[in-house]
file coords-v1.cif (mmCIF, N, CA and C atoms)
data_protein
#
loop_
_atom_site.label_atom_id
_atom_site.label_comp_id
_atom_site.auth_asym_id
_atom_site.auth_seq_id
_atom_site.Cartn_x
_atom_site.Cartn_y
_atom_site.Cartn_z
N MET A 1 10.10 3.09 17.64
CA MET A 1 8.91 2.95 16.82
C MET A 1 8.28 1.59 17.05
N GLY A 2 6.97 1.56 17.11
CA GLY A 2 6.25 0.30 17.29
C GLY A 2 6.07 -0.42 15.97
N GLU A 3 5.73 -1.69 16.06
CA GLU A 3 5.49 -2.48 14.87
C GLU A 3 4.11 -2.16 14.32
N ALA A 4 4.00 -2.26 12.98
CA ALA A 4 2.69 -2.09 12.34
C ALA A 4 1.84 -3.30 12.67
N THR A 5 0.59 -3.07 12.95
CA THR A 5 -0.32 -4.14 13.29
C THR A 5 -1.08 -4.58 12.04
N GLU A 6 -1.08 -5.87 11.77
CA GLU A 6 -1.83 -6.41 10.63
C GLU A 6 -3.31 -6.39 10.96
N ARG A 7 -4.12 -5.74 10.11
CA ARG A 7 -5.54 -5.61 10.37
C ARG A 7 -6.37 -6.65 9.62
N ARG A 8 -5.76 -7.35 8.69
CA ARG A 8 -6.51 -8.33 7.91
C ARG A 8 -6.81 -9.57 8.73
N LYS A 9 -8.02 -10.08 8.54
CA LYS A 9 -8.42 -11.30 9.24
C LYS A 9 -8.02 -12.54 8.46
N TYR A 10 -7.90 -12.41 7.13
CA TYR A 10 -7.62 -13.54 6.26
C TYR A 10 -6.34 -13.28 5.46
N PRO A 11 -5.47 -14.27 5.33
CA PRO A 11 -4.24 -14.06 4.58
C PRO A 11 -4.51 -13.83 3.09
N ARG A 12 -3.71 -12.97 2.49
CA ARG A 12 -3.82 -12.67 1.06
C ARG A 12 -2.92 -13.62 0.27
N ARG A 13 -3.42 -13.97 -0.93
CA ARG A 13 -2.64 -14.79 -1.87
C ARG A 13 -2.54 -14.04 -3.18
N THR A 14 -1.41 -14.18 -3.86
CA THR A 14 -1.25 -13.57 -5.18
C THR A 14 -2.27 -14.19 -6.12
N TYR A 15 -2.91 -13.34 -6.91
CA TYR A 15 -3.97 -13.78 -7.81
C TYR A 15 -3.90 -12.89 -9.04
N ASP A 16 -3.35 -13.37 -10.12
CA ASP A 16 -3.12 -12.59 -11.34
C ASP A 16 -4.14 -13.02 -12.39
N MET A 17 -5.24 -12.24 -12.51
CA MET A 17 -6.31 -12.64 -13.40
C MET A 17 -7.09 -11.42 -13.87
N PRO A 18 -7.40 -11.32 -15.16
CA PRO A 18 -8.28 -10.24 -15.60
C PRO A 18 -9.69 -10.45 -15.04
N LEU A 19 -10.42 -9.37 -14.84
CA LEU A 19 -11.79 -9.49 -14.35
C LEU A 19 -12.67 -8.43 -14.97
N SER A 20 -13.95 -8.68 -14.96
CA SER A 20 -14.96 -7.72 -15.40
C SER A 20 -15.88 -7.45 -14.22
N PHE A 21 -16.37 -6.22 -14.13
CA PHE A 21 -17.32 -5.91 -13.07
C PHE A 21 -18.34 -4.90 -13.58
N SER A 22 -19.46 -4.85 -12.88
CA SER A 22 -20.51 -3.91 -13.24
C SER A 22 -21.08 -3.28 -11.98
N LEU A 23 -21.69 -2.12 -12.15
CA LEU A 23 -22.35 -1.44 -11.05
C LEU A 23 -23.36 -0.46 -11.60
N SER A 24 -24.27 -0.03 -10.77
CA SER A 24 -25.24 0.98 -11.14
C SER A 24 -24.92 2.24 -10.36
N VAL A 25 -24.92 3.38 -11.06
CA VAL A 25 -24.57 4.66 -10.45
C VAL A 25 -25.66 5.66 -10.76
N LEU A 26 -26.11 6.38 -9.75
CA LEU A 26 -27.13 7.41 -9.93
C LEU A 26 -26.44 8.73 -10.28
N GLU A 27 -26.75 9.25 -11.47
CA GLU A 27 -26.25 10.56 -11.89
C GLU A 27 -27.46 11.48 -12.04
N PHE A 28 -27.60 12.40 -11.12
CA PHE A 28 -28.76 13.28 -11.04
C PHE A 28 -30.01 12.41 -10.91
N THR A 29 -30.84 12.33 -11.93
CA THR A 29 -32.04 11.50 -11.85
C THR A 29 -31.96 10.25 -12.71
N ASP A 30 -30.79 10.00 -13.32
CA ASP A 30 -30.62 8.84 -14.20
C ASP A 30 -29.80 7.75 -13.51
N LEU A 31 -30.32 6.54 -13.53
CA LEU A 31 -29.58 5.39 -13.03
C LEU A 31 -28.84 4.78 -14.20
N LYS A 32 -27.51 4.78 -14.13
CA LYS A 32 -26.69 4.27 -15.23
C LYS A 32 -26.03 2.96 -14.83
N HIS A 33 -26.08 2.01 -15.76
CA HIS A 33 -25.42 0.72 -15.57
C HIS A 33 -24.05 0.82 -16.24
N ILE A 34 -23.01 0.55 -15.48
CA ILE A 34 -21.64 0.67 -15.98
C ILE A 34 -20.96 -0.68 -15.96
N GLU A 35 -20.26 -0.99 -17.03
CA GLU A 35 -19.44 -2.19 -17.09
C GLU A 35 -18.00 -1.76 -17.29
N ALA A 36 -17.10 -2.37 -16.53
CA ALA A 36 -15.68 -2.01 -16.60
C ALA A 36 -14.85 -3.26 -16.39
N SER A 37 -13.54 -3.10 -16.50
CA SER A 37 -12.66 -4.25 -16.33
C SER A 37 -11.49 -3.86 -15.42
N GLY A 38 -10.75 -4.85 -15.04
CA GLY A 38 -9.59 -4.64 -14.18
C GLY A 38 -8.71 -5.87 -14.18
N LYS A 39 -7.73 -5.85 -13.30
CA LYS A 39 -6.82 -6.97 -13.17
C LYS A 39 -6.63 -7.28 -11.69
N ALA A 40 -7.05 -8.47 -11.30
CA ALA A 40 -6.90 -8.89 -9.90
C ALA A 40 -5.42 -9.09 -9.59
N VAL A 41 -5.01 -8.71 -8.37
CA VAL A 41 -3.62 -8.88 -7.94
C VAL A 41 -3.49 -9.76 -6.71
N ASN A 42 -4.57 -9.84 -5.90
CA ASN A 42 -4.54 -10.75 -4.75
C ASN A 42 -5.96 -11.06 -4.32
N ASN A 43 -6.10 -12.14 -3.55
CA ASN A 43 -7.40 -12.49 -3.01
C ASN A 43 -7.24 -13.17 -1.67
N SER A 44 -8.35 -13.30 -0.97
CA SER A 44 -8.39 -13.99 0.32
C SER A 44 -9.74 -14.67 0.42
N GLU A 45 -10.00 -15.27 1.54
CA GLU A 45 -11.28 -15.95 1.74
C GLU A 45 -12.46 -15.00 1.58
N LYS A 46 -12.31 -13.73 1.95
CA LYS A 46 -13.42 -12.78 1.93
C LYS A 46 -13.18 -11.52 1.11
N GLY A 47 -12.03 -11.42 0.43
CA GLY A 47 -11.76 -10.18 -0.28
C GLY A 47 -10.97 -10.37 -1.55
N LEU A 48 -10.82 -9.27 -2.26
CA LEU A 48 -10.11 -9.25 -3.53
C LEU A 48 -9.46 -7.88 -3.69
N GLY A 49 -8.25 -7.86 -4.21
CA GLY A 49 -7.58 -6.61 -4.55
C GLY A 49 -7.36 -6.57 -6.04
N PHE A 50 -7.65 -5.42 -6.67
CA PHE A 50 -7.45 -5.33 -8.12
C PHE A 50 -7.17 -3.90 -8.54
N PHE A 51 -6.67 -3.76 -9.77
CA PHE A 51 -6.44 -2.46 -10.39
C PHE A 51 -7.49 -2.27 -11.47
N THR A 52 -7.94 -1.02 -11.64
CA THR A 52 -8.88 -0.67 -12.69
C THR A 52 -8.67 0.79 -13.09
N GLY A 53 -9.12 1.13 -14.27
CA GLY A 53 -9.09 2.52 -14.71
C GLY A 53 -10.35 3.27 -14.34
N PHE A 54 -11.36 2.56 -13.81
CA PHE A 54 -12.64 3.18 -13.46
C PHE A 54 -12.59 3.71 -12.03
N PRO A 55 -13.01 4.96 -11.81
CA PRO A 55 -12.93 5.58 -10.47
C PRO A 55 -14.04 5.11 -9.53
N LEU A 56 -13.89 3.93 -8.98
CA LEU A 56 -14.83 3.43 -7.97
C LEU A 56 -14.68 4.25 -6.69
N GLU A 57 -15.66 4.14 -5.81
CA GLU A 57 -15.63 4.83 -4.53
C GLU A 57 -15.99 3.86 -3.42
N PRO A 58 -15.43 4.07 -2.21
CA PRO A 58 -15.84 3.23 -1.08
C PRO A 58 -17.35 3.28 -0.92
N GLY A 59 -17.96 2.13 -0.70
CA GLY A 59 -19.40 2.05 -0.57
C GLY A 59 -20.10 1.54 -1.82
N HIS A 60 -19.44 1.66 -2.98
CA HIS A 60 -20.04 1.10 -4.19
C HIS A 60 -20.20 -0.41 -4.03
N VAL A 61 -21.30 -0.92 -4.51
CA VAL A 61 -21.53 -2.36 -4.57
C VAL A 61 -21.35 -2.76 -6.03
N ILE A 62 -20.45 -3.71 -6.28
CA ILE A 62 -20.16 -4.13 -7.64
C ILE A 62 -20.46 -5.62 -7.79
N ARG A 63 -20.62 -6.02 -9.03
CA ARG A 63 -20.84 -7.42 -9.37
C ARG A 63 -19.67 -7.85 -10.24
N ILE A 64 -18.85 -8.75 -9.70
CA ILE A 64 -17.63 -9.20 -10.39
C ILE A 64 -17.94 -10.48 -11.14
N GLN A 65 -17.52 -10.53 -12.41
CA GLN A 65 -17.71 -11.72 -13.22
C GLN A 65 -16.38 -12.42 -13.42
N ASN A 66 -16.39 -13.73 -13.17
CA ASN A 66 -15.23 -14.57 -13.41
C ASN A 66 -15.74 -15.78 -14.18
N GLY A 67 -15.62 -15.74 -15.50
CA GLY A 67 -16.20 -16.80 -16.32
C GLY A 67 -17.71 -16.73 -16.24
N ASN A 68 -18.35 -17.82 -15.84
CA ASN A 68 -19.81 -17.85 -15.68
C ASN A 68 -20.25 -17.61 -14.24
N THR A 69 -19.30 -17.26 -13.38
CA THR A 69 -19.57 -17.05 -11.97
C THR A 69 -19.63 -15.56 -11.66
N PHE A 70 -20.58 -15.15 -10.80
CA PHE A 70 -20.70 -13.75 -10.38
C PHE A 70 -20.58 -13.67 -8.87
N THR A 71 -19.89 -12.63 -8.40
CA THR A 71 -19.72 -12.38 -6.97
C THR A 71 -20.10 -10.93 -6.69
N THR A 72 -20.90 -10.71 -5.67
CA THR A 72 -21.24 -9.36 -5.23
C THR A 72 -20.19 -8.91 -4.22
N ALA A 73 -19.71 -7.68 -4.37
CA ALA A 73 -18.64 -7.19 -3.50
C ALA A 73 -18.89 -5.73 -3.12
N LEU A 74 -18.41 -5.36 -1.94
CA LEU A 74 -18.50 -4.00 -1.43
C LEU A 74 -17.11 -3.37 -1.50
N VAL A 75 -17.00 -2.21 -2.16
CA VAL A 75 -15.72 -1.50 -2.24
C VAL A 75 -15.41 -0.93 -0.86
N LYS A 76 -14.27 -1.33 -0.29
CA LYS A 76 -13.87 -0.89 1.05
C LYS A 76 -12.88 0.27 1.00
N TRP A 77 -11.95 0.24 0.03
CA TRP A 77 -10.95 1.30 -0.06
C TRP A 77 -10.45 1.44 -1.48
N ILE A 78 -9.88 2.63 -1.78
CA ILE A 78 -9.33 2.96 -3.09
C ILE A 78 -8.03 3.72 -2.89
N ASP A 79 -7.03 3.43 -3.70
CA ASP A 79 -5.81 4.24 -3.78
C ASP A 79 -5.58 4.56 -5.25
N LYS A 80 -5.32 5.83 -5.57
CA LYS A 80 -4.99 6.19 -6.94
C LYS A 80 -3.48 6.09 -7.11
N ILE A 81 -3.05 5.29 -8.08
CA ILE A 81 -1.63 5.05 -8.31
C ILE A 81 -1.35 5.18 -9.80
N GLU A 82 -0.60 6.21 -10.16
CA GLU A 82 -0.17 6.44 -11.54
C GLU A 82 -1.29 6.32 -12.55
N GLY A 83 -2.40 7.02 -12.31
CA GLY A 83 -3.50 7.06 -13.25
C GLY A 83 -4.45 5.88 -13.19
N GLU A 84 -4.18 4.91 -12.34
CA GLU A 84 -5.08 3.77 -12.14
C GLU A 84 -5.56 3.77 -10.70
N TYR A 85 -6.53 2.94 -10.42
CA TYR A 85 -7.07 2.82 -9.08
C TYR A 85 -6.81 1.42 -8.54
N ARG A 86 -6.21 1.35 -7.38
CA ARG A 86 -6.08 0.07 -6.68
C ARG A 86 -7.27 -0.02 -5.73
N VAL A 87 -7.98 -1.12 -5.81
CA VAL A 87 -9.25 -1.27 -5.12
C VAL A 87 -9.21 -2.49 -4.20
N GLY A 88 -9.77 -2.34 -3.01
CA GLY A 88 -9.95 -3.47 -2.11
C GLY A 88 -11.43 -3.67 -1.86
N VAL A 89 -11.91 -4.91 -2.07
CA VAL A 89 -13.34 -5.18 -1.89
C VAL A 89 -13.56 -6.32 -0.92
N PHE A 90 -14.70 -6.29 -0.25
CA PHE A 90 -15.19 -7.38 0.59
C PHE A 90 -16.19 -8.16 -0.25
N CYS A 91 -15.95 -9.46 -0.41
CA CYS A 91 -16.82 -10.29 -1.25
C CYS A 91 -17.87 -11.00 -0.41
N TYR A 92 -19.12 -10.90 -0.87
CA TYR A 92 -20.22 -11.62 -0.23
C TYR A 92 -20.35 -12.96 -0.92
N LYS A 93 -20.43 -14.03 -0.13
CA LYS A 93 -20.53 -15.36 -0.76
C LYS A 93 -21.75 -16.08 -0.30
#
call {"tool": "encode", "arguments": {"input": "coords-v1.cif", "output": "structure tokens"}}
result
Amino acid sequence: MGEATERRKYPRRTYDMPLSFSLSVLEFTDLKHIEASGKAVNNSEKGLGFFTGFPLEPGHVIRIQNGNTFTTALVKWIDKIEGEYRVGVFCYK
């Protein structure tokens, strides 16, 4: 068996912090603004990993709030784990 290849460009660091995020979702003809929360578990220079109860999808653009700071991020992947969602995002800075 071959070794697994690391695909990440930036090393991940443990990051244990609650977070809030928001996004706009089109449901039929209504644009809905949604606010949700989660718990960050790791971060890197360009990304963040967190758990949330909200069913995000790859391609969603979210706005993450950390205190008085906001970061725009693109949802890259989702894994459903025991009723929660583990999310990986690319952060625009």
call {"tool": "axis_aligned_box", "arguments": {"input": "coords-v1.cif", "around": "stretch 25-32 of chain A", "padding_each_side": "8 Å", "output": "JSON"}}
result
{"center_x": -28.3, "center_y": 8.1, "center_z": -12.5, "size_x": 23.5, "size_y": 26.3, "size_z": 21.5}
call {"tool": "resolve_selection", "arguments": {"input": "coords-v1.cif", "expression": "the PyMOL selection byres ((chain A and resi 50-56) around 7)", "output": "PyMOL selection string"}}
result
chain A and resi 36-42+48-49+57-58+60+78+83-89
call {"tool": "select_by_dssp", "arguments": {"input": "coords-v1.cif", "residues": "chain A", "states": "strand (DSSP E)", "output": "PyMOL selection string"}}
result
chain A and resi 13-27+30-43+47-52+61-66+69-81+84-92
call {"tool": "resolve_selection", "arguments": {"input": "coords-v1.cif", "expression": "the PyMOL selection byres ((chain A and resi 73) around 8)", "output": "PyMOL selection string"}}
result
chain A and resi 59-64+70-72+74-76+88-93
call {"tool": "write_last_selection", "arguments": {"input": "coords-v1.cif", "atoms": "N, CA and C atoms", "output": "PDB file, in the coordinates of the input"}}
result
ATOM      1  N   GLY A  59     -17.960   2.130  -0.700  1.00  0.00           N
ATOM      2  CA  GLY A  59     -19.400   2.050  -0.570  1.00  0.00           C
ATOM      3  C   GLY A  59     -20.100   1.540  -1.820  1.00  0.00           C
ATOM      4  N   HIS A  60     -19.440   1.660  -2.980  1.00  0.00           N
ATOM      5  CA  HIS A  60     -20.040   1.100  -4.190  1.00  0.00           C
ATOM      6  C   HIS A  60     -20.200  -0.410  -4.030  1.00  0.00           C
ATOM      7  N   VAL A  61     -21.300  -0.920  -4.510  1.00  0.00           N
ATOM      8  CA  VAL A  61     -21.530  -2.360  -4.570  1.00  0.00           C
ATOM      9  C   VAL A  61     -21.350  -2.760  -6.030  1.00  0.00           C
ATOM     10  N   ILE A  62     -20.450  -3.710  -6.280  1.00  0.00           N
ATOM     11  CA  ILE A  62     -20.160  -4.130  -7.640  1.00  0.00           C
ATOM     12  C   ILE A  62     -20.460  -5.620  -7.790  1.00  0.00           C
ATOM     13  N   ARG A  63     -20.620  -6.020  -9.030  1.00  0.00           N
ATOM     14  CA  ARG A  63     -20.840  -7.420  -9.370  1.00  0.00           C
ATOM     15  C   ARG A  63     -19.670  -7.850 -10.240  1.00  0.00           C
ATOM     16  N   ILE A  64     -18.850  -8.750  -9.700  1.00  0.00           N
ATOM     17  CA  ILE A  64     -17.630  -9.200 -10.390  1.00  0.00           C
ATOM     18  C   ILE A  64     -17.940 -10.480 -11.140  1.00  0.00           C
ATOM     19  N   PHE A  70     -20.580 -15.150 -10.800  1.00  0.00           N
ATOM     20  CA  PHE A  70     -20.700 -13.750 -10.380  1.00  0.00           C
ATOM     21  C   PHE A  70     -20.580 -13.670  -8.870  1.00  0.00           C
ATOM     22  N   THR A  71     -19.890 -12.630  -8.400  1.00  0.00           N
ATOM     23  CA  THR A  71     -19.720 -12.380  -6.970  1.00  0.00           C
ATOM     24  C   THR A  71     -20.100 -10.930  -6.690  1.00  0.00           C
ATOM     25  N   THR A  72     -20.900 -10.710  -5.670  1.00  0.00           N
ATOM     26  CA  THR A  72     -21.240  -9.360  -5.230  1.00  0.00           C
ATOM     27  C   THR A  72     -20.190  -8.910  -4.220  1.00  0.00           C
ATOM     28  N   LEU A  74     -18.410  -5.360  -1.940  1.00  0.00           N
ATOM     29  CA  LEU A  74     -18.500  -4.000  -1.430  1.00  0.00           C
ATOM     30  C   LEU A  74     -17.110  -3.370  -1.500  1.00  0.00           C
ATOM     31  N   VAL A  75     -17.000  -2.210  -2.160  1.00  0.00           N
ATOM     32  CA  VAL A  75     -15.720  -1.500  -2.240  1.00  0.00           C
ATOM     33  C   VAL A  75     -15.410  -0.930  -0.860  1.00  0.00           C
ATOM     34  N   LYS A  76     -14.270  -1.330  -0.290  1.00  0.00           N
ATOM     35  CA  LYS A  76     -13.870  -0.890   1.050  1.00  0.00           C
ATOM     36  C   LYS A  76     -12.880   0.270   1.000  1.00  0.00           C
ATOM     37  N   GLY A  88      -9.770  -2.340  -3.010  1.00  0.00           N
ATOM     38  CA  GLY A  88      -9.950  -3.470  -2.110  1.00  0.00           C
ATOM     39  C   GLY A  88     -11.430  -3.670  -1.860  1.00  0.00           C
ATOM     40  N   VAL A  89     -11.910  -4.910  -2.070  1.00  0.00           N
ATOM     41  CA  VAL A  89     -13.340  -5.180  -1.890  1.00  0.00           C
ATOM     42  C   VAL A  89     -13.560  -6.320  -0.920  1.00  0.00           C
ATOM     43  N   PHE A  90     -14.700  -6.290  -0.250  1.00  0.00           N
ATOM     44  CA  PHE A  90     -15.190  -7.380   0.590  1.00  0.00           C
ATOM     45  C   PHE A  90     -16.190  -8.160  -0.250  1.00  0.00           C
ATOM     46  N   CYS A  91     -15.950  -9.460  -0.410  1.00  0.00           N
ATOM     47  CA  CYS A  91     -16.820 -10.290  -1.250  1.00  0.00           C
ATOM     48  C   CYS A  91     -17.870 -11.000  -0.410  1.00  0.00           C
ATOM     49  N   TYR A  92     -19.120 -10.900  -0.870  1.00  0.00           N
ATOM     50  CA  TYR A  92     -20.220 -11.620  -0.230  1.00  0.00           C
ATOM     51  C   TYR A  92     -20.350 -12.960  -0.920  1.00  0.00           C
ATOM     52  N   LYS A  93     -20.430 -14.030  -0.130  1.00  0.00           N
ATOM     53  CA  LYS A  93     -20.530 -15.360  -0.760  1.00  0.00           C
ATOM     54  C   LYS A  93     -21.750 -16.080  -0.300  1.00  0.00           C
TER      55      LYS A  93
END
call {"tool": "atom_distance", "arguments": {"input": "coords-v1.cif", "atom1": "atom CA of A:Glu82", "atom2": "atom CA of A:Asp16"}}
result
19.3 Å
call {"tool": "atom_distance", "arguments": {"input": "coords-v1.cif", "atom1": "atom N of A:Asp79", "atom2": "atom CA of A:Lys32"}}
result
22.8 Å
call {"tool": "closest_residue", "arguments": {"input": "coords-v1.cif", "among": "A:Asp30, A:Val25, A:Lys9, A:Pro18", "to": "A:Gly67", "atoms": "all atoms listed in the file"}}
result
A:Pro18
call {"tool": "residues_around", "arguments": {"input": "coords-v1.cif", "residues": "A:Glu35", "least_positions_apart": "4", "cutoff": "8 Å", "atoms": "all atoms listed in the file", "output": "list in words"}}
result
Ser20, Phe21, Ser22, Leu23 and Ser24 of chain A
call {"tool": "atom_distance", "arguments": {"input": "coords-v1.cif", "atom1": "atom C of A:Ser44", "atom2": "atom N of A:Lys80"}}
result
21.8 Å
call {"tool": "closest_residue", "arguments": {"input": "coords-v1.cif", "among": "A:Tyr10, A:Tyr15, A:Phe28, A:Trp77", "to": "A:Asn43", "atoms": "only C-alpha atoms"}}
result
A:Tyr15
call {"tool": "decode", "arguments": {"input": "coords-v1.cif", "residues": "stretch 21-52 of chain A", "atoms": "C-alpha atoms", "output": "PDB file, in the first residue's frame"}}
result
ATOM      1  CA  PHE A  21     -21.696  32.718  10.909  1.00  0.00           C
ATOM      2  CA  SER A  22     -24.318  33.960   8.495  1.00  0.00           C
ATOM      3  CA  LEU A  23     -25.309  33.296   4.907  1.00  0.00           C
ATOM      4  CA  SER A  24     -28.071  34.037   2.448  1.00  0.00           C
ATOM      5  CA  VAL A  25     -29.967  31.125   0.899  1.00  0.00           C
ATOM      6  CA  LEU A  26     -32.457  31.263  -1.959  1.00  0.00           C
ATOM      7  CA  GLU A  27     -35.573  29.194  -1.230  1.00  0.00           C
ATOM      8  CA  PHE A  28     -37.818  29.224  -4.294  1.00  0.00           C
ATOM      9  CA  THR A  29     -38.231  32.978  -4.841  1.00  0.00           C
ATOM     10  CA  ASP A  30     -37.344  34.112  -1.296  1.00  0.00           C
ATOM     11  CA  LEU A  31     -33.843  35.123  -0.261  1.00  0.00           C
ATOM     12  CA  LYS A  32     -33.425  34.169   3.398  1.00  0.00           C
ATOM     13  CA  HIS A  33     -30.717  35.449   5.715  1.00  0.00           C
ATOM     14  CA  ILE A  34     -29.623  32.731   8.136  1.00  0.00           C
ATOM     15  CA  GLU A  35     -27.546  33.085  11.276  1.00  0.00           C
ATOM     16  CA  ALA A  36     -26.047  30.015  12.928  1.00  0.00           C
ATOM     17  CA  SER A  37     -23.259  29.016  15.262  1.00  0.00           C
ATOM     18  CA  GLY A  38     -20.571  26.405  15.531  1.00  0.00           C
ATOM     19  CA  LYS A  39     -17.340  25.464  17.219  1.00  0.00           C
ATOM     20  CA  ALA A  40     -13.991  25.858  15.493  1.00  0.00           C
ATOM     21  CA  VAL A  41     -11.620  22.885  15.868  1.00  0.00           C
ATOM     22  CA  ASN A  42      -8.643  23.899  13.713  1.00  0.00           C
ATOM     23  CA  ASN A  43      -7.346  26.675  11.503  1.00  0.00           C
ATOM     24  CA  SER A  44      -4.563  27.485   9.078  1.00  0.00           C
ATOM     25  CA  GLU A  45      -3.319  30.492   7.173  1.00  0.00           C
ATOM     26  CA  LYS A  46      -6.160  30.144   4.627  1.00  0.00           C
ATOM     27  CA  GLY A  47      -8.767  27.873   6.189  1.00  0.00           C
ATOM     28  CA  LEU A  48     -10.874  26.884   9.144  1.00  0.00           C
ATOM     29  CA  GLY A  49     -12.465  23.639  10.291  1.00  0.00           C
ATOM     30  CA  PHE A  50     -15.550  23.670  12.503  1.00  0.00           C
ATOM     31  CA  PHE A  51     -18.618  21.748  13.648  1.00  0.00           C
ATOM     32  CA  THR A  52     -22.162  23.084  13.303  1.00  0.00           C
TER      33      THR A  52
END
